[in-house]
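Q: The file below is protein-v1.tsv, TSV, N, CA, C and O atoms:
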chain	number	residue	atom	x	y	z
A	1	MET	N	84.83	-170.08	-5.88
A	1	MET	CA	85.59	-170.03	-7.11
A	1	MET	C	85.25	-168.72	-7.82
A	1	MET	O	84.09	-168.40	-8.03
A	2	HIS	N	86.26	-167.98	-8.17
A	2	HIS	CA	86.11	-166.71	-8.88
A	2	HIS	C	86.72	-166.86	-10.27
A	2	HIS	O	87.71	-167.57	-10.44
A	3	SER	N	86.12	-166.19	-11.24
A	3	SER	CA	86.71	-166.19	-12.58
A	3	SER	C	86.46	-164.84	-13.23
A	3	SER	O	85.54	-164.10	-12.85
A	4	ILE	N	87.31	-164.54	-14.20
A	4	ILE	CA	87.20	-163.29	-14.93
A	4	ILE	C	87.68	-163.55	-16.35
A	4	ILE	O	88.60	-164.33	-16.57
A	5	GLN	N	87.02	-162.93	-17.30
A	5	GLN	CA	87.46	-163.05	-18.69
A	5	GLN	C	88.19	-161.77	-19.08
A	5	GLN	O	87.80	-160.68	-18.67
A	6	VAL	N	89.24	-161.93	-19.86
A	6	VAL	CA	90.07	-160.80	-20.27
A	6	VAL	C	90.53	-161.00	-21.71
A	6	VAL	O	90.75	-162.13	-22.15
A	7	THR	N	90.65	-159.90	-22.41
A	7	THR	CA	91.12	-159.93	-23.79
A	7	THR	C	92.63	-159.68	-23.81
A	7	THR	O	93.10	-158.73	-23.18
A	8	VAL	N	93.38	-160.53	-24.50
A	8	VAL	CA	94.84	-160.40	-24.58
A	8	VAL	C	95.17	-159.09	-25.29
A	8	VAL	O	94.77	-158.87	-26.43
A	9	GLY	N	95.92	-158.23	-24.61
A	9	GLY	CA	96.24	-156.92	-25.15
A	9	GLY	C	97.56	-156.82	-25.88
A	9	GLY	O	97.77	-155.90	-26.66
A	10	SER	N	98.47	-157.75	-25.63
A	10	SER	CA	99.78	-157.68	-26.29
A	10	SER	C	99.62	-157.84	-27.79
A	10	SER	O	98.94	-158.77	-28.26
A	11	SER	N	100.25	-156.96	-28.54
A	11	SER	CA	100.07	-156.92	-29.99
A	11	SER	C	100.47	-158.22	-30.68
A	11	SER	O	99.94	-158.55	-31.73
A	12	SER	N	101.38	-158.96	-30.11
A	12	SER	CA	101.78	-160.23	-30.72
A	12	SER	C	101.27	-161.43	-29.92
A	12	SER	O	101.75	-162.54	-30.09
A	13	GLY	N	100.31	-161.20	-29.04
A	13	GLY	CA	99.74	-162.28	-28.26
A	13	GLY	C	100.62	-162.67	-27.08
A	13	GLY	O	101.51	-161.93	-26.68
A	14	LEU	N	100.34	-163.83	-26.53
A	14	LEU	CA	101.08	-164.29	-25.35
A	14	LEU	C	102.29	-165.11	-25.79
A	14	LEU	O	102.37	-166.31	-25.56
A	15	HIS	N	103.24	-164.46	-26.43
A	15	HIS	CA	104.49	-165.13	-26.81
A	15	HIS	C	105.46	-165.04	-25.63
A	15	HIS	O	105.06	-164.69	-24.53
A	16	ALA	N	106.71	-165.30	-25.84
A	16	ALA	CA	107.69	-165.48	-24.77
A	16	ALA	C	107.72	-164.36	-23.72
A	16	ALA	O	107.57	-164.63	-22.53
A	17	ARG	N	107.93	-163.12	-24.14
A	17	ARG	CA	108.08	-162.04	-23.14
A	17	ARG	C	106.79	-161.77	-22.37
A	17	ARG	O	106.79	-161.78	-21.14
A	18	PRO	N	105.66	-161.52	-23.04
A	18	PRO	CA	104.43	-161.29	-22.28
A	18	PRO	C	104.03	-162.50	-21.42
A	18	PRO	O	103.56	-162.33	-20.30
A	19	ALA	N	104.22	-163.70	-21.94
A	19	ALA	CA	103.89	-164.90	-21.17
A	19	ALA	C	104.77	-164.99	-19.93
A	19	ALA	O	104.29	-165.32	-18.84
A	20	SER	N	106.04	-164.68	-20.07
A	20	SER	CA	106.96	-164.72	-18.94
A	20	SER	C	106.55	-163.71	-17.86
A	20	SER	O	106.54	-164.03	-16.67
A	21	LEU	N	106.21	-162.51	-18.27
A	21	LEU	CA	105.77	-161.49	-17.31
A	21	LEU	C	104.49	-161.92	-16.61
A	21	LEU	O	104.34	-161.74	-15.39
A	22	PHE	N	103.57	-162.52	-17.35
A	22	PHE	CA	102.31	-163.00	-16.77
A	22	PHE	C	102.57	-164.13	-15.78
A	22	PHE	O	102.00	-164.14	-14.67
A	23	VAL	N	103.42	-165.08	-16.14
A	23	VAL	CA	103.73	-166.21	-15.27
A	23	VAL	C	104.42	-165.72	-13.98
A	23	VAL	O	104.10	-166.18	-12.88
A	24	GLN	N	105.34	-164.79	-14.10
A	24	GLN	CA	106.01	-164.25	-12.92
A	24	GLN	C	105.00	-163.58	-11.99
A	24	GLN	O	105.06	-163.75	-10.76
A	25	ALA	N	104.09	-162.80	-12.56
A	25	ALA	CA	103.06	-162.13	-11.75
A	25	ALA	C	102.13	-163.16	-11.11
A	25	ALA	O	101.71	-163.00	-9.96
A	26	SER	N	101.82	-164.22	-11.82
A	26	SER	CA	100.96	-165.29	-11.29
A	26	SER	C	101.62	-165.98	-10.10
A	26	SER	O	100.97	-166.30	-9.11
A	27	ALA	N	102.92	-166.19	-10.20
A	27	ALA	CA	103.66	-166.86	-9.13
A	27	ALA	C	103.71	-166.02	-7.86
A	27	ALA	O	103.86	-166.57	-6.76
A	28	ARG	N	103.56	-164.71	-7.99
A	28	ARG	CA	103.57	-163.83	-6.82
A	28	ARG	C	102.22	-163.74	-6.12
A	28	ARG	O	102.12	-163.17	-5.04
A	29	GLN	N	101.20	-164.30	-6.71
A	29	GLN	CA	99.86	-164.22	-6.12
A	29	GLN	C	99.72	-165.19	-4.95
A	29	GLN	O	100.34	-166.26	-4.93
A	30	PRO	N	98.86	-164.85	-3.97
A	30	PRO	CA	98.70	-165.72	-2.80
A	30	PRO	C	97.81	-166.94	-3.06
A	30	PRO	O	97.64	-167.77	-2.17
A	31	VAL	N	97.26	-167.04	-4.26
A	31	VAL	CA	96.39	-168.16	-4.62
A	31	VAL	C	96.84	-168.75	-5.95
A	31	VAL	O	97.48	-168.08	-6.74
A	32	LYS	N	96.46	-170.01	-6.18
A	32	LYS	CA	96.76	-170.64	-7.46
A	32	LYS	C	95.76	-170.13	-8.49
A	32	LYS	O	94.55	-170.15	-8.26
A	33	VAL	N	96.27	-169.69	-9.62
A	33	VAL	CA	95.44	-169.16	-10.70
A	33	VAL	C	95.59	-170.07	-11.91
A	33	VAL	O	96.68	-170.53	-12.21
A	34	THR	N	94.47	-170.31	-12.59
A	34	THR	CA	94.51	-171.04	-13.85
A	34	THR	C	94.06	-170.12	-14.97
A	34	THR	O	93.36	-169.13	-14.73
A	35	VAL	N	94.48	-170.44	-16.18
A	35	VAL	CA	94.15	-169.62	-17.34
A	35	VAL	C	93.83	-170.55	-18.51
A	35	VAL	O	94.44	-171.61	-18.66
A	36	GLY	N	92.88	-170.14	-19.32
A	36	GLY	CA	92.54	-170.93	-20.49
A	36	GLY	C	91.45	-170.25	-21.30
A	36	GLY	O	90.94	-169.20	-20.93
A	37	ARG	N	91.12	-170.86	-22.40
A	37	ARG	CA	90.01	-170.36	-23.21
A	37	ARG	C	88.70	-170.75	-22.54
A	37	ARG	O	88.60	-171.87	-22.02
A	38	PRO	N	87.71	-169.89	-22.58
A	38	PRO	CA	86.41	-170.24	-21.98
A	38	PRO	C	85.88	-171.55	-22.57
A	38	PRO	O	85.91	-171.76	-23.79
A	39	GLY	N	85.45	-172.44	-21.69
A	39	GLY	CA	84.89	-173.71	-22.12
A	39	GLY	C	85.91	-174.80	-22.38
A	39	GLY	O	85.54	-175.92	-22.72
A	40	GLN	N	87.20	-174.48	-22.23
A	40	GLN	CA	88.25	-175.49	-22.42
A	40	GLN	C	89.00	-175.68	-21.11
A	40	GLN	O	88.98	-174.80	-20.25
A	41	PRO	N	89.70	-176.81	-20.96
A	41	PRO	CA	90.44	-177.05	-19.72
A	41	PRO	C	91.51	-175.97	-19.50
A	41	PRO	O	92.27	-175.66	-20.43
A	42	PRO	N	91.59	-175.41	-18.29
A	42	PRO	CA	92.60	-174.39	-18.00
A	42	PRO	C	93.94	-175.01	-17.67
A	42	PRO	O	94.04	-176.21	-17.40
A	43	VAL	N	94.98	-174.16	-17.68
A	43	VAL	CA	96.32	-174.58	-17.30
A	43	VAL	C	96.78	-173.73	-16.12
A	43	VAL	O	96.23	-172.67	-15.85
A	44	ASP	N	97.80	-174.20	-15.44
A	44	ASP	CA	98.38	-173.47	-14.31
A	44	ASP	C	99.05	-172.19	-14.82
A	44	ASP	O	99.93	-172.25	-15.68
A	45	ALA	N	98.62	-171.06	-14.30
A	45	ALA	CA	99.16	-169.77	-14.75
A	45	ALA	C	100.60	-169.56	-14.31
A	45	ALA	O	101.26	-168.63	-14.77
A	46	ARG	N	101.14	-170.44	-13.44
A	46	ARG	CA	102.53	-170.32	-12.99
A	46	ARG	C	103.48	-171.13	-13.86
A	46	ARG	O	104.69	-171.14	-13.62
A	47	SER	N	102.95	-171.82	-14.87
A	47	SER	CA	103.76	-172.67	-15.73
A	47	SER	C	103.98	-172.00	-17.08
A	47	SER	O	103.06	-171.88	-17.88
A	48	LEU	N	105.21	-171.57	-17.33
A	48	LEU	CA	105.52	-170.88	-18.58
A	48	LEU	C	105.23	-171.75	-19.80
A	48	LEU	O	104.62	-171.29	-20.77
A	49	LEU	N	105.62	-173.01	-19.75
A	49	LEU	CA	105.37	-173.89	-20.90
A	49	LEU	C	103.87	-174.06	-21.16
A	49	LEU	O	103.44	-174.05	-22.31
A	50	SER	N	103.09	-174.19	-20.10
A	50	SER	CA	101.65	-174.34	-20.27
A	50	SER	C	101.01	-173.08	-20.84
A	50	SER	O	100.16	-173.15	-21.72
A	51	VAL	N	101.44	-171.93	-20.36
A	51	VAL	CA	100.90	-170.66	-20.85
A	51	VAL	C	101.30	-170.45	-22.31
A	51	VAL	O	100.48	-170.05	-23.14
A	52	LEU	N	102.55	-170.75	-22.65
A	52	LEU	CA	102.99	-170.63	-24.04
A	52	LEU	C	102.21	-171.59	-24.95
A	52	LEU	O	101.89	-171.24	-26.09
A	53	ALA	N	101.90	-172.78	-24.43
A	53	ALA	CA	101.19	-173.78	-25.23
A	53	ALA	C	99.77	-173.32	-25.58
A	53	ALA	O	99.19	-173.82	-26.55
A	54	LEU	N	99.23	-172.38	-24.83
A	54	LEU	CA	97.91	-171.84	-25.17
A	54	LEU	C	97.93	-171.12	-26.52
A	54	LEU	O	96.92	-171.06	-27.21
A	55	ALA	N	99.09	-170.58	-26.88
A	55	ALA	CA	99.27	-169.85	-28.14
A	55	ALA	C	98.18	-168.79	-28.31
A	55	ALA	O	97.60	-168.64	-29.39
A	56	ALA	N	97.91	-168.07	-27.25
A	56	ALA	CA	96.87	-167.03	-27.27
A	56	ALA	C	97.32	-165.85	-28.12
A	56	ALA	O	98.45	-165.38	-28.01
A	57	ARG	N	96.43	-165.39	-28.97
A	57	ARG	CA	96.73	-164.29	-29.88
A	57	ARG	C	96.14	-162.98	-29.39
A	57	ARG	O	95.24	-162.97	-28.55
A	58	HIS	N	96.62	-161.90	-29.95
A	58	HIS	CA	96.10	-160.57	-29.64
A	58	HIS	C	94.58	-160.56	-29.88
A	58	HIS	O	94.10	-161.04	-30.90
A	59	GLY	N	93.85	-160.03	-28.91
A	59	GLY	CA	92.41	-159.91	-29.05
A	59	GLY	C	91.63	-161.14	-28.64
A	59	GLY	O	90.40	-161.11	-28.59
A	60	GLU	N	92.31	-162.22	-28.33
A	60	GLU	CA	91.63	-163.46	-27.91
A	60	GLU	C	91.20	-163.34	-26.45
A	60	GLU	O	91.89	-162.73	-25.63
A	61	VAL	N	90.07	-163.93	-26.13
A	61	VAL	CA	89.55	-163.89	-24.76
A	61	VAL	C	90.05	-165.12	-24.00
A	61	VAL	O	89.93	-166.25	-24.47
A	62	LEU	N	90.61	-164.86	-22.81
A	62	LEU	CA	91.03	-165.93	-21.92
A	62	LEU	C	90.27	-165.79	-20.61
A	62	LEU	O	89.83	-164.70	-20.24
A	63	GLU	N	90.14	-166.90	-19.90
A	63	GLU	CA	89.46	-166.89	-18.61
A	63	GLU	C	90.45	-167.25	-17.51
A	63	GLU	O	91.15	-168.25	-17.60
A	64	LEU	N	90.50	-166.40	-16.50
A	64	LEU	CA	91.34	-166.63	-15.33
A	64	LEU	C	90.44	-167.11	-14.21
A	64	LEU	O	89.35	-166.56	-14.01
A	65	THR	N	90.89	-168.11	-13.44
A	65	THR	CA	90.10	-168.67	-12.36
A	65	THR	C	90.99	-168.86	-11.14
A	65	THR	O	92.15	-169.25	-11.26
A	66	ALA	N	90.42	-168.59	-9.96
A	66	ALA	CA	91.14	-168.80	-8.70
A	66	ALA	C	90.12	-168.92	-7.57
A	66	ALA	O	88.98	-168.48	-7.70
A	67	SER	N	90.54	-169.51	-6.47
A	67	SER	CA	89.68	-169.56	-5.29
A	67	SER	C	90.55	-169.36	-4.06
A	67	SER	O	91.76	-169.57	-4.08
A	68	GLY	N	89.90	-168.93	-2.98
A	68	GLY	CA	90.61	-168.71	-1.73
A	68	GLY	C	90.72	-167.24	-1.40
A	68	GLY	O	90.25	-166.36	-2.14
A	69	ASP	N	91.33	-166.97	-0.25
A	69	ASP	CA	91.51	-165.59	0.20
A	69	ASP	C	92.42	-164.84	-0.77
A	69	ASP	O	93.51	-165.30	-1.08
A	70	GLY	N	91.95	-163.71	-1.23
A	70	GLY	CA	92.72	-162.89	-2.15
A	70	GLY	C	92.51	-163.23	-3.61
A	70	GLY	O	93.16	-162.64	-4.48
A	71	ALA	N	91.60	-164.16	-3.91
A	71	ALA	CA	91.40	-164.59	-5.30
A	71	ALA	C	90.92	-163.45	-6.18
A	71	ALA	O	91.43	-163.27	-7.29
A	72	GLU	N	89.96	-162.66	-5.72
A	72	GLU	CA	89.42	-161.58	-6.54
A	72	GLU	C	90.49	-160.55	-6.87
A	72	GLU	O	90.60	-160.10	-8.02
A	73	ASP	N	91.29	-160.17	-5.88
A	73	ASP	CA	92.36	-159.20	-6.11
A	73	ASP	C	93.42	-159.76	-7.06
A	73	ASP	O	93.94	-159.04	-7.92
A	74	ALA	N	93.75	-161.03	-6.89
A	74	ALA	CA	94.74	-161.67	-7.76
A	74	ALA	C	94.25	-161.68	-9.20
A	74	ALA	O	95.01	-161.34	-10.12
A	75	LEU	N	93.00	-162.04	-9.40
A	75	LEU	CA	92.45	-162.08	-10.75
A	75	LEU	C	92.41	-160.70	-11.38
A	75	LEU	O	92.73	-160.54	-12.56
A	76	LYS	N	92.04	-159.71	-10.60
A	76	LYS	CA	91.99	-158.33	-11.11
A	76	LYS	C	93.38	-157.88	-11.56
A	76	LYS	O	93.55	-157.32	-12.64
A	77	ALA	N	94.39	-158.12	-10.72
A	77	ALA	CA	95.76	-157.72	-11.05
A	77	ALA	C	96.26	-158.42	-12.31
A	77	ALA	O	96.86	-157.79	-13.20
A	78	LEU	N	96.00	-159.72	-12.42
A	78	LEU	CA	96.46	-160.48	-13.58
A	78	LEU	C	95.68	-160.11	-14.84
A	78	LEU	O	96.25	-160.06	-15.93
A	79	ALA	N	94.39	-159.85	-14.69
A	79	ALA	CA	93.58	-159.44	-15.84
A	79	ALA	C	94.07	-158.09	-16.37
A	79	ALA	O	94.16	-157.89	-17.59
A	80	ASP	N	94.37	-157.17	-15.46
A	80	ASP	CA	94.90	-155.86	-15.88
A	80	ASP	C	96.21	-156.03	-16.65
A	80	ASP	O	96.44	-155.36	-17.65
A	81	LEU	N	97.06	-156.94	-16.18
A	81	LEU	CA	98.33	-157.19	-16.84
A	81	LEU	C	98.11	-157.79	-18.24
A	81	LEU	O	98.72	-157.33	-19.22
A	82	LEU	N	97.24	-158.77	-18.35
A	82	LEU	CA	96.99	-159.40	-19.65
A	82	LEU	C	96.36	-158.44	-20.65
A	82	LEU	O	96.60	-158.55	-21.85
A	83	ALA	N	95.57	-157.51	-20.17
A	83	ALA	CA	94.89	-156.56	-21.05
A	83	ALA	C	95.85	-155.49	-21.58
A	83	ALA	O	95.54	-154.80	-22.54
A	84	THR	N	97.01	-155.37	-20.98
A	84	THR	CA	98.01	-154.38	-21.36
A	84	THR	C	98.84	-154.89	-22.55
A	84	THR	O	99.13	-156.09	-22.63
A	85	ASP	N	99.24	-153.99	-23.41
A	85	ASP	CA	100.16	-154.37	-24.50
A	85	ASP	C	101.56	-154.44	-23.90
A	85	ASP	O	102.28	-153.45	-23.85
A	86	LEU	N	101.95	-155.62	-23.44
A	86	LEU	CA	103.24	-155.79	-22.79
A	86	LEU	C	104.41	-155.66	-23.76
A	86	LEU	O	105.54	-155.46	-23.35
A	87	ASP	N	104.14	-155.76	-25.06
A	87	ASP	CA	105.18	-155.55	-26.05
A	87	ASP	C	105.53	-154.06	-26.15
A	87	ASP	O	106.67	-153.69	-26.35
A	88	ALA	N	104.53	-153.20	-25.98
A	88	ALA	CA	104.76	-151.75	-26.04
A	88	ALA	C	105.51	-151.27	-24.81
A	88	ALA	O	106.18	-150.25	-24.85
A	89	ALA	N	105.39	-152.01	-23.70
A	89	ALA	CA	106.03	-151.61	-22.45
A	89	ALA	C	107.51	-151.95	-22.43
A	89	ALA	O	108.21	-151.62	-21.49
A	90	ALA	N	107.99	-152.62	-23.45
A	90	ALA	CA	109.40	-153.07	-23.48
A	90	ALA	C	110.35	-151.92	-23.62
A	90	ALA	O	110.12	-150.91	-24.17
Will you turn the file into structure tokens for me?
A:
Amino acid sequence: MHSIQVTVGSSSGLHARPASLFVQASARQPVKVTVGRPGQPPVDARSLLSVLALAARHGEVLELTASGDGAEDALKALADLLATDLDAAA
């Protein structure tokens, strides 16, 4: 099991557009990834409703977790995406 903590970089947090981009990227990974606040139950990173329900704000720390072949690379790619201000990239 691999995990990584990342700070949400989008200026308005993980609202609809950044969450959608994150979920799409998660669905492309070769492993199942979960996301959540450290110490709390995680949700499936491929579920838009679950990711939106986290209501993660700018600057908040989230933990990504995955296991299996390619887990480290998947987590790195998704962490890089979450750390980016996806609102500025629009």
Q: Write out as AutoDock Vina command-line options an axis-aligned box for segment 59-62 of chain A: all of its atoms listed in the file, 8 Å added on each side, centre and edge lengths in Å with one decimal.
A:
--center_x 91.7 --center_y -163.1 --center_z -24.6 --size_x 20.3 --size_y 22.3 --size_z 24.8
Q: Let me make sure I understand: among A:Leu75, A:Leu54, A:Ala66, A:Leu14, which one has the smallest atom-to-atom distance to Lys32 of chain A if we use all atoms listed in the file?
A: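 When distances to Lys32 of chain A are compared using all atoms listed in the file, the smallest one comes from A:Ala66.
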Q: Counting all atoms listed in the file, which residue out of A:Ser11, A:Asp69, A:Ala25, A:Val35 sits closest to Val51 of chain A?
A: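 With all atoms listed in the file as the atom set, the closest residue is A:Val35.
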Q: With all atoms listed in the file as the counted atoms, please give the residues lying no more than 7 Å from Asp85 of chain A, apart from itself and same-chain residues fewer than 5 positions off, as number ranges by chain.
A: A: 8-11, 80, 90
Q: Would you mind writing down, as a list of chain:residue names, each residue of segment 9-63 of chain A that DSSP on the backbone assigns to helix (DSSP H, G or I)?
A: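 The helix (DSSP H, G or I) residues within segment 9-63 of chain A come out as A:Ala16, A:Arg17, A:Pro18, A:Ala19, A:Ser20, A:Leu21, A:Phe22, A:Val23, A:Gln24, A:Ala25, A:Ser26, A:Ala27, A:Leu48, A:Leu49, A:Ser50, A:Val51, A:Leu52, A:Ala53.
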Q: Could you save the residues just selected, with N, CA, C and O atoms, as an mmCIF file, keeping the file's coordinate frame?
A:
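So the final result, stored in result-v4.cif, reads:
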data_model
loop_
_atom_site.group_PDB
_atom_site.id
_atom_site.type_symbol
_atom_site.label_atom_id
_atom_site.label_comp_id
_atom_site.auth_asym_id
_atom_site.auth_seq_id
_atom_site.Cartn_x
_atom_site.Cartn_y
_atom_site.Cartn_z
ATOM 1 N N ALA A 16 106.710 -165.300 -25.840
ATOM 2 C CA ALA A 16 107.690 -165.480 -24.770
ATOM 3 C C ALA A 16 107.720 -164.360 -23.720
ATOM 4 O O ALA A 16 107.570 -164.630 -22.530
ATOM 5 N N ARG A 17 107.930 -163.120 -24.140
ATOM 6 C CA ARG A 17 108.080 -162.040 -23.140
ATOM 7 C C ARG A 17 106.790 -161.770 -22.370
ATOM 8 O O ARG A 17 106.790 -161.780 -21.140
ATOM 9 N N PRO A 18 105.660 -161.520 -23.040
ATOM 10 C CA PRO A 18 104.430 -161.290 -22.280
ATOM 11 C C PRO A 18 104.030 -162.500 -21.420
ATOM 12 O O PRO A 18 103.560 -162.330 -20.300
ATOM 13 N N ALA A 19 104.220 -163.700 -21.940
ATOM 14 C CA ALA A 19 103.890 -164.900 -21.170
ATOM 15 C C ALA A 19 104.770 -164.990 -19.930
ATOM 16 O O ALA A 19 104.290 -165.320 -18.840
ATOM 17 N N SER A 20 106.040 -164.680 -20.070
ATOM 18 C CA SER A 20 106.960 -164.720 -18.940
ATOM 19 C C SER A 20 106.550 -163.710 -17.860
ATOM 20 O O SER A 20 106.540 -164.030 -16.670
ATOM 21 N N LEU A 21 106.210 -162.510 -18.270
ATOM 22 C CA LEU A 21 105.770 -161.490 -17.310
ATOM 23 C C LEU A 21 104.490 -161.920 -16.610
ATOM 24 O O LEU A 21 104.340 -161.740 -15.390
ATOM 25 N N PHE A 22 103.570 -162.520 -17.350
ATOM 26 C CA PHE A 22 102.310 -163.000 -16.770
ATOM 27 C C PHE A 22 102.570 -164.130 -15.780
ATOM 28 O O PHE A 22 102.000 -164.140 -14.670
ATOM 29 N N VAL A 23 103.420 -165.080 -16.140
ATOM 30 C CA VAL A 23 103.730 -166.210 -15.270
ATOM 31 C C VAL A 23 104.420 -165.720 -13.980
ATOM 32 O O VAL A 23 104.100 -166.180 -12.880
ATOM 33 N N GLN A 24 105.340 -164.790 -14.100
ATOM 34 C CA GLN A 24 106.010 -164.250 -12.920
ATOM 35 C C GLN A 24 105.000 -163.580 -11.990
ATOM 36 O O GLN A 24 105.060 -163.750 -10.760
ATOM 37 N N ALA A 25 104.090 -162.800 -12.560
ATOM 38 C CA ALA A 25 103.060 -162.130 -11.750
ATOM 39 C C ALA A 25 102.130 -163.160 -11.110
ATOM 40 O O ALA A 25 101.710 -163.000 -9.960
ATOM 41 N N SER A 26 101.820 -164.220 -11.820
ATOM 42 C CA SER A 26 100.960 -165.290 -11.290
ATOM 43 C C SER A 26 101.620 -165.980 -10.100
ATOM 44 O O SER A 26 100.970 -166.300 -9.110
ATOM 45 N N ALA A 27 102.920 -166.190 -10.200
ATOM 46 C CA ALA A 27 103.660 -166.860 -9.130
ATOM 47 C C ALA A 27 103.710 -166.020 -7.860
ATOM 48 O O ALA A 27 103.860 -166.570 -6.760
ATOM 49 N N LEU A 48 105.210 -171.570 -17.330
ATOM 50 C CA LEU A 48 105.520 -170.880 -18.580
ATOM 51 C C LEU A 48 105.230 -171.750 -19.800
ATOM 52 O O LEU A 48 104.620 -171.290 -20.770
ATOM 53 N N LEU A 49 105.620 -173.010 -19.750
ATOM 54 C CA LEU A 49 105.370 -173.890 -20.900
ATOM 55 C C LEU A 49 103.870 -174.060 -21.160
ATOM 56 O O LEU A 49 103.440 -174.050 -22.310
ATOM 57 N N SER A 50 103.090 -174.190 -20.100
ATOM 58 C CA SER A 50 101.650 -174.340 -20.270
ATOM 59 C C SER A 50 101.010 -173.080 -20.840
ATOM 60 O O SER A 50 100.160 -173.150 -21.720
ATOM 61 N N VAL A 51 101.440 -171.930 -20.360
ATOM 62 C CA VAL A 51 100.900 -170.660 -20.850
ATOM 63 C C VAL A 51 101.300 -170.450 -22.310
ATOM 64 O O VAL A 51 100.480 -170.050 -23.140
ATOM 65 N N LEU A 52 102.550 -170.750 -22.650
ATOM 66 C CA LEU A 52 102.990 -170.630 -24.040
ATOM 67 C C LEU A 52 102.210 -171.590 -24.950
ATOM 68 O O LEU A 52 101.890 -171.240 -26.090
ATOM 69 N N ALA A 53 101.900 -172.780 -24.430
ATOM 70 C CA ALA A 53 101.190 -173.780 -25.230
ATOM 71 C C ALA A 53 99.770 -173.320 -25.580
ATOM 72 O O ALA A 53 99.190 -173.820 -26.550
#
Q: Distance atom N of Gln5 of chain A-atom C of Leu64 of chain A, one decimal place?
A: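 Separating atom N of Gln5 of chain A from atom C of Leu64 of chain A is a distance of 6.2 Å.
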Q: Do you know which residues lie at most 5 Å from (105.3, -169.9, -10.0), with coordinates as in the file and only N, CA, C and O atoms counted, and could you write them as a PyMOL selection string?
A: chain A and resi 23+27+46
Q: Write out, as a compact mmCIF listing (two decimals), keeping the file's coordinate frame, the residues just selected, with N, CA, C and O atoms.
A:
# COMPACT_ATOMS: atom_id res chain seq x y z
N VAL A 23 103.42 -165.08 -16.14
CA VAL A 23 103.73 -166.21 -15.27
C VAL A 23 104.42 -165.72 -13.98
O VAL A 23 104.10 -166.18 -12.88
N ALA A 27 102.92 -166.19 -10.20
CA ALA A 27 103.66 -166.86 -9.13
C ALA A 27 103.71 -166.02 -7.86
O ALA A 27 103.86 -166.57 -6.76
N ARG A 46 101.14 -170.44 -13.44
CA ARG A 46 102.53 -170.32 -12.99
C ARG A 46 103.48 -171.13 -13.86
O ARG A 46 104.69 -171.14 -13.62
Q: Kindly indicate which residue among A:His2, A:His15, A:Gly39, A:Ser67 lies nearest to Leu82 of chain A, using only C-alpha atoms for the distances.
A: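 The shortest atom-to-atom distance to Leu82 of chain A comes from A:His15.
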Q: Using all atoms listed in the file, determine which residues lie at most 7 Å from Ser26 of chain A, disregarding the query and same-chain residues fewer than 5 positions distant; provide the list as a PDB file with N, CA, C and O atoms, in the coordinates of the input.
A:
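Wrote part26.pdb, looks like this:
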ATOM      1  N   SER A  20     106.040-164.680 -20.070  1.00  0.00           N
ATOM      2  CA  SER A  20     106.960-164.720 -18.940  1.00  0.00           C
ATOM      3  C   SER A  20     106.550-163.710 -17.860  1.00  0.00           C
ATOM      4  O   SER A  20     106.540-164.030 -16.670  1.00  0.00           O
ATOM      5  N   LEU A  21     106.210-162.510 -18.270  1.00  0.00           N
ATOM      6  CA  LEU A  21     105.770-161.490 -17.310  1.00  0.00           C
ATOM      7  C   LEU A  21     104.490-161.920 -16.610  1.00  0.00           C
ATOM      8  O   LEU A  21     104.340-161.740 -15.390  1.00  0.00           O
ATOM      9  N   VAL A  31      97.260-167.040  -4.260  1.00  0.00           N
ATOM     10  CA  VAL A  31      96.390-168.160  -4.620  1.00  0.00           C
ATOM     11  C   VAL A  31      96.840-168.750  -5.950  1.00  0.00           C
ATOM     12  O   VAL A  31      97.480-168.080  -6.740  1.00  0.00           O
ATOM     13  N   LYS A  32      96.460-170.010  -6.180  1.00  0.00           N
ATOM     14  CA  LYS A  32      96.760-170.640  -7.460  1.00  0.00           C
ATOM     15  C   LYS A  32      95.760-170.130  -8.490  1.00  0.00           C
ATOM     16  O   LYS A  32      94.550-170.150  -8.260  1.00  0.00           O
ATOM     17  N   VAL A  33      96.270-169.690  -9.620  1.00  0.00           N
ATOM     18  CA  VAL A  33      95.440-169.160 -10.700  1.00  0.00           C
ATOM     19  C   VAL A  33      95.590-170.070 -11.910  1.00  0.00           C
ATOM     20  O   VAL A  33      96.680-170.530 -12.210  1.00  0.00           O
ATOM     21  N   ALA A  45      98.620-171.060 -14.300  1.00  0.00           N
ATOM     22  CA  ALA A  45      99.160-169.770 -14.750  1.00  0.00           C
ATOM     23  C   ALA A  45     100.600-169.560 -14.310  1.00  0.00           C
ATOM     24  O   ALA A  45     101.260-168.630 -14.770  1.00  0.00           O
ATOM     25  N   ARG A  46     101.140-170.440 -13.440  1.00  0.00           N
ATOM     26  CA  ARG A  46     102.530-170.320 -12.990  1.00  0.00           C
ATOM     27  C   ARG A  46     103.480-171.130 -13.860  1.00  0.00           C
ATOM     28  O   ARG A  46     104.690-171.140 -13.620  1.00  0.00           O
ATOM     29  N   LEU A  78      96.000-159.720 -12.420  1.00  0.00           N
ATOM     30  CA  LEU A  78      96.460-160.480 -13.580  1.00  0.00           C
ATOM     31  C   LEU A  78      95.680-160.110 -14.840  1.00  0.00           C
ATOM     32  O   LEU A  78      96.250-160.060 -15.930  1.00  0.00           O
TER      33      LEU A  78
END
Q: When DSSP is applied to the backbone of this structure, which of segment 25-82 of chain A are assigned strand (DSSP E)? Write them out as a ChimeraX atom specification.
A: /A:33-36,43-44,61-66
Q: Check the smallest atom-to-atom distance from each of A:Thr7, A:Thr84, A:Thr34, A:Ser47 to Val61 of chain A using all atoms listed in the file, then report the winner.
A: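 The closest residue to Val61 of chain A is A:Thr7.
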Q: Tell me, in Å to one decimal, how far atom O of His58 of chain A is from atom O of Val6 of chain A.
A: 9.4 Å
Q: What's the separation between atom CA of Asp73 of chain A and atom CA of Ser50 of chain A, in Å to one decimal place?
A: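 One can read the atom CA of Asp73 of chain A to atom CA of Ser50 of chain A distance as 22.7 Å.
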